[in-house]
Amino acid sequence: MSLPVYLPPTFNRRPVSLERALVGTYDWGDRAMEVPALHAMGILGKGIRVAIIDTGKSHHPDLKYADAYCVIPGDDGYDRGGHGSHVASIVRRIAPEAELISIKALGDNGSGDTAGIAKAIRYCTKLKVHIINLSLGGGKDPIMRDAVNDFVAGGGIIIWAAGNSGSLINDWPAGLDNVAASGSFNLRGEISKYSSHGPVIDFAAPGEQVLGCDTKSGYVVMDGTSMAAPGGSGMAALLMSRQPVKNQAAFMERIKKHSTDRGPKGFDNWFGWGQFTKAFVLDGIEDKPDAPGRVVRSVEYGQFRLNSPARGGEIFGLERIKA
Ligand SMILES: [Ca+2]
């Protein structure tokens with residue numbers, strides 16, 4: 001038996017023009033997570049393998065993959081819908097030295113099945129992937145749960161988008177107790193209206209007007225918990241490149257102790273334990289001057305300008321980071 005899985009609906013997709021490559025550019029969400037400061041310290045996700053199980057890989061010049069697979073028979077593994085490219089590009093921007101692995105398990109129409117997702121997760125177990133990002137929903141099928149359990153037992157961590165129904169969820173896949181479920185918040189720090197919520201939410205990440213790559217070239221901004229989860233995955237890659245995280249349980253413990261609280265005080269059903277910031281990556285090593293890689297190298301990014309015709313002008317401004 002295999003059950004359908006699907007992409008949560010994404011909203012407000014629109015193209016934007018960008019004068020230079022996405023890597024080296026920061027959008028509002030990256031700033032909210034204090035990514036520029038982490039990059040300036042040389043924390044770039046080096047050596048961490050992040051798998052994106054989604055609609056496939058991209059020809060986009062900003063996207064580089066260490067490896068790519070496809071579980072759909074007869075498919076070349078490329079993304080023609082745009083979702084997988086956008087999700088992957090968020091991870092790449094936040095953790096530009098992480099090794100991206102694309103696994104196409106959703107067809108060009110955004111749908112797939114639990115057998116395909118389970119197969120994709122089992123590839124990840126074999127490949128010793130550190131982090132899997134799953135921005136998809138559906139499929140309460142033991143075959144998928146078993147694949148998740150095996151991957152997690154091997155020490156990997158999974159981040160799963162909570163979904164965009166805006167309703168209470170207490171079920172899997174995002175509700176599996178050994179995956180980290182991500183809600184979405186907006187530029188004003190408010191939880192997104194569509195962000196599914198409940199006791200299973202572990203953290204929230206920027207999920208509205210998130211900048212990312214389109215399928216072949218160009219850039220789009222999109223809204224959805226699909227865009228929030230890879231923000232979490234990128235931050236997890238920065239964390240793991242800096243200090244080892246033994247397994248999912250240790251990762252969950254870190255979320256609990258080192259997230260920055262948002263929304264109602266303490267744990268809540270919308271933001272979970274809060275959002276990831278610099279503290280999430282650095283806590284526990286800042287006090288140790290001898291910790292390896294404290295300042296690995298200096299990074300300088302040039303200026304960029306991002307124009308949004310839809311918003312009538314420049315929306316992200318100029319940025320120059322020098323460390
Ligand atoms: Ca809270």
# chains A, B, ... in the order shown; residues from 1 in each chain; ligands from 1
call {"tool": "residues_around", "arguments": {"residues": "stretch 71-80 of chain A", "least_positions_apart": "5", "cutoff": "7 Å", "atoms": "only C-alpha atoms", "output": "list in words"}}
result
Thr55, Gly56, Lys57, Ser58, Ser85, Lys104, Ala105, Asp108, Gly116, Ala120 and Thr215 of chain A
call {"tool": "write_last_selection", "arguments": {"atoms": "N, CA and C atoms", "output": "compact mmCIF listing (two decimals), in the first residue's frame"}}
result
# COMPACT_ATOMS: atom_id res chain seq x y z
N THR A 55 10.78 18.33 -5.40
CA THR A 55 10.45 18.19 -6.82
C THR A 55 11.67 18.18 -7.74
N GLY A 56 12.86 18.03 -7.16
CA GLY A 56 14.04 17.81 -8.00
C GLY A 56 15.07 18.91 -8.04
N LYS A 57 16.12 18.62 -8.82
CA LYS A 57 17.27 19.53 -8.92
C LYS A 57 17.03 20.59 -9.98
N SER A 58 17.95 21.54 -10.02
CA SER A 58 17.75 22.70 -10.88
C SER A 58 19.01 23.02 -11.68
N SER A 85 13.54 23.75 -6.28
CA SER A 85 14.63 24.71 -6.51
C SER A 85 14.61 25.79 -5.45
N LYS A 104 14.61 13.74 -6.05
CA LYS A 104 13.28 14.03 -6.60
C LYS A 104 12.34 12.87 -6.25
N ALA A 105 11.32 13.20 -5.47
CA ALA A 105 10.34 12.18 -5.07
C ALA A 105 8.92 12.67 -5.32
N ASP A 108 6.28 16.55 -11.33
CA ASP A 108 6.19 17.95 -11.75
C ASP A 108 4.89 18.60 -11.32
N GLY A 116 7.58 6.34 -2.43
CA GLY A 116 8.66 7.14 -3.01
C GLY A 116 9.41 7.93 -1.95
N ALA A 120 13.28 7.55 -0.81
CA ALA A 120 14.19 8.71 -0.77
C ALA A 120 14.87 8.81 0.59
N THR A 215 13.31 27.79 -11.33
CA THR A 215 13.81 26.50 -11.83
C THR A 215 15.13 26.58 -12.60
call {"tool": "closest_atom_pairs", "arguments": {"of": "chain A", "to": "ligand 1", "cutoff": "7 Å", "atoms": "only C-alpha atoms and all ligand atoms", "output": "CSV"}}
result
residue,atom,partner,partner_atom_place_in_ligand_line,distance
A:Asp261,CA,ligand 1,1 (Ca),4.8
A:Arg262,CA,ligand 1,1 (Ca),4.3
A:Gly263,CA,ligand 1,1 (Ca),4.5
A:Pro264,CA,ligand 1,1 (Ca),4.4
A:Lys265,CA,ligand 1,1 (Ca),4.5
A:Gly266,CA,ligand 1,1 (Ca),4.3
A:Phe267,CA,ligand 1,1 (Ca),4.6
A:Asp268,CA,ligand 1,1 (Ca),4.8
A:Phe271,CA,ligand 1,1 (Ca),5.8
A:Gly272,CA,ligand 1,1 (Ca),6.3
A:Trp273,CA,ligand 1,1 (Ca),5.9
A:Gly274,CA,ligand 1,1 (Ca),5.5
call {"tool": "closest_residue", "arguments": {"among": "A:Val221, A:His197, A:Gly81, A:Ala51", "to": "A:Thr125", "atoms": "only C-alpha atoms"}}
result
A:Ala51
call {"tool": "select_by_dssp", "arguments": {"residues": "stretch 65-297 of chain A", "states": "alpha helix (DSSP H)", "output": "PyMOL selection string"}}
result
chain A and resi 83-94+114-126+142-153+225-242+248-258+278-282
call {"tool": "write_last_selection", "arguments": {"atoms": "C-alpha atoms", "output": "compact mmCIF listing (two decimals), in the first residue's frame"}}
result
# COMPACT_ATOMS: atom_id res chain seq x y z
CA HIS A 83 9.26 24.19 -5.43
CA GLY A 84 12.36 22.03 -5.02
CA SER A 85 14.63 24.71 -6.51
CA HIS A 86 13.29 27.35 -4.16
CA VAL A 87 13.60 25.14 -1.08
CA ALA A 88 17.15 24.05 -1.98
CA SER A 89 18.24 27.62 -2.65
CA ILE A 90 17.19 28.72 0.84
CA VAL A 91 19.45 26.07 2.37
CA ARG A 92 22.25 27.00 -0.02
CA ARG A 93 22.04 30.68 0.80
CA ILE A 94 22.12 30.09 4.54
CA THR A 114 4.70 7.43 0.58
CA ALA A 115 6.63 4.58 -1.05
CA GLY A 116 8.66 7.14 -3.01
CA ILE A 117 9.31 9.28 0.06
CA ALA A 118 10.31 6.21 2.07
CA LYS A 119 12.71 5.19 -0.71
CA ALA A 120 14.19 8.71 -0.77
CA ILE A 121 14.68 8.68 3.01
CA ARG A 122 16.37 5.27 2.76
CA TYR A 123 18.80 6.70 0.18
CA CYS A 124 19.65 9.33 2.76
CA THR A 125 20.35 6.66 5.39
CA LYS A 126 22.72 4.96 2.96
CA PRO A 142 3.96 3.01 8.36
CA ILE A 143 6.37 2.53 5.45
CA MET A 144 7.32 6.22 5.71
CA ARG A 145 7.48 6.14 9.49
CA ASP A 146 9.79 3.11 9.38
CA ALA A 147 12.12 4.88 6.94
CA VAL A 148 12.17 7.95 9.23
CA ASN A 149 12.93 5.77 12.26
CA ASP A 150 15.83 4.03 10.52
CA PHE A 151 17.32 7.33 9.34
CA VAL A 152 17.03 8.89 12.79
CA ALA A 153 18.45 5.75 14.43
CA THR A 225 5.92 26.57 5.73
CA SER A 226 7.75 24.94 2.79
CA MET A 227 9.96 28.04 2.77
CA ALA A 228 10.32 28.09 6.58
CA ALA A 229 11.54 24.51 7.02
CA PRO A 230 14.66 24.99 4.83
CA GLY A 231 15.52 28.07 6.89
CA GLY A 232 15.65 25.68 9.85
CA SER A 233 17.63 23.13 7.84
CA GLY A 234 20.16 25.77 6.80
CA MET A 235 20.61 26.90 10.39
CA ALA A 236 20.94 23.27 11.49
CA ALA A 237 23.73 22.85 8.92
CA LEU A 238 25.53 25.91 10.32
CA LEU A 239 25.15 24.48 13.82
CA MET A 240 26.40 21.02 12.87
CA SER A 241 29.39 22.42 10.98
CA ARG A 242 30.36 24.18 14.17
CA GLN A 248 17.76 13.93 16.57
CA ALA A 249 17.18 13.75 20.32
CA ALA A 250 20.18 16.01 20.94
CA PHE A 251 18.94 18.33 18.20
CA MET A 252 15.50 18.52 19.81
CA GLU A 253 17.14 19.29 23.13
CA ARG A 254 19.09 22.11 21.51
CA ILE A 255 15.91 23.53 19.98
CA LYS A 256 14.32 23.47 23.42
CA LYS A 257 17.23 25.14 25.19
CA HIS A 258 18.70 27.49 22.60
CA LYS A 278 23.03 33.14 16.26
CA ALA A 279 22.64 31.77 19.80
CA PHE A 280 21.22 28.52 18.45
CA VAL A 281 24.44 27.95 16.51
CA LEU A 282 26.94 29.39 18.97
call {"tool": "closest_residue", "arguments": {"among": "A:Tyr219, A:Trp270, A:Tyr26, A:Tyr194", "to": "A:Ser165", "atoms": "only C-alpha atoms"}}
result
A:Tyr194
call {"tool": "atom_distance", "arguments": {"atom1": "atom CA of A:Pro199", "atom2": "atom CA of A:Asn269"}}
result
5.1 Å
call {"tool": "select_by_dssp", "arguments": {"residues": "stretch 74-267 of chain A", "states": "strand (DSSP E)", "output": "VMD selection string"}}
result
chain A and resid 99 to 104 111 to 113 131 to 134 157 to 161 180 to 185 201 to 206 210 to 213 219 to 223
call {"tool": "write_last_selection", "arguments": {"atoms": "C-alpha atoms", "output": "compact mmCIF listing (two decimals), in the first residue's frame"}}
result
# COMPACT_ATOMS: atom_id res chain seq x y z
CA GLU A 99 26.69 19.66 0.42
CA LEU A 100 23.25 19.75 -1.14
CA ILE A 101 21.72 16.49 -2.26
CA SER A 102 18.60 16.63 -4.40
CA ILE A 103 16.24 13.68 -4.30
CA LYS A 104 13.28 14.03 -6.60
CA SER A 111 2.46 14.96 -5.94
CA GLY A 112 4.02 11.66 -5.05
CA ASP A 113 3.47 8.76 -2.72
CA ILE A 131 19.93 16.62 7.59
CA ILE A 132 16.81 15.90 5.51
CA ASN A 133 14.44 18.71 4.63
CA LEU A 134 10.87 17.65 3.87
CA ILE A 157 18.03 14.72 11.75
CA ILE A 158 14.83 15.55 9.88
CA ILE A 159 13.10 18.90 9.55
CA TRP A 160 9.52 18.80 8.31
CA ALA A 161 7.26 21.68 7.28
CA ALA A 180 11.46 18.71 14.01
CA ALA A 181 8.30 20.45 12.77
CA SER A 182 8.59 24.01 11.46
CA GLY A 183 5.95 26.72 11.58
CA SER A 184 6.23 30.02 9.66
CA PHE A 185 6.37 33.66 10.69
CA ILE A 201 5.45 22.33 16.48
CA ASP A 202 9.10 22.55 17.49
CA PHE A 203 10.21 25.89 16.03
CA ALA A 204 9.19 28.57 13.54
CA ALA A 205 11.23 30.18 10.78
CA PRO A 206 10.80 33.01 8.26
CA VAL A 210 11.16 34.38 1.16
CA LEU A 211 13.66 34.87 -1.65
CA GLY A 212 14.81 31.85 -3.61
CA CYS A 213 15.77 30.47 -7.00
CA TYR A 219 14.43 34.49 -8.60
CA VAL A 220 11.07 34.36 -6.92
CA VAL A 221 9.69 35.10 -3.50
CA MET A 222 7.16 32.69 -2.03
CA ASP A 223 5.18 32.14 1.16
call {"tool": "atom_distance", "arguments": {"atom1": "atom CA of A:Asp62", "atom2": "atom CA of A:Asp27"}}
result
15.3 Å
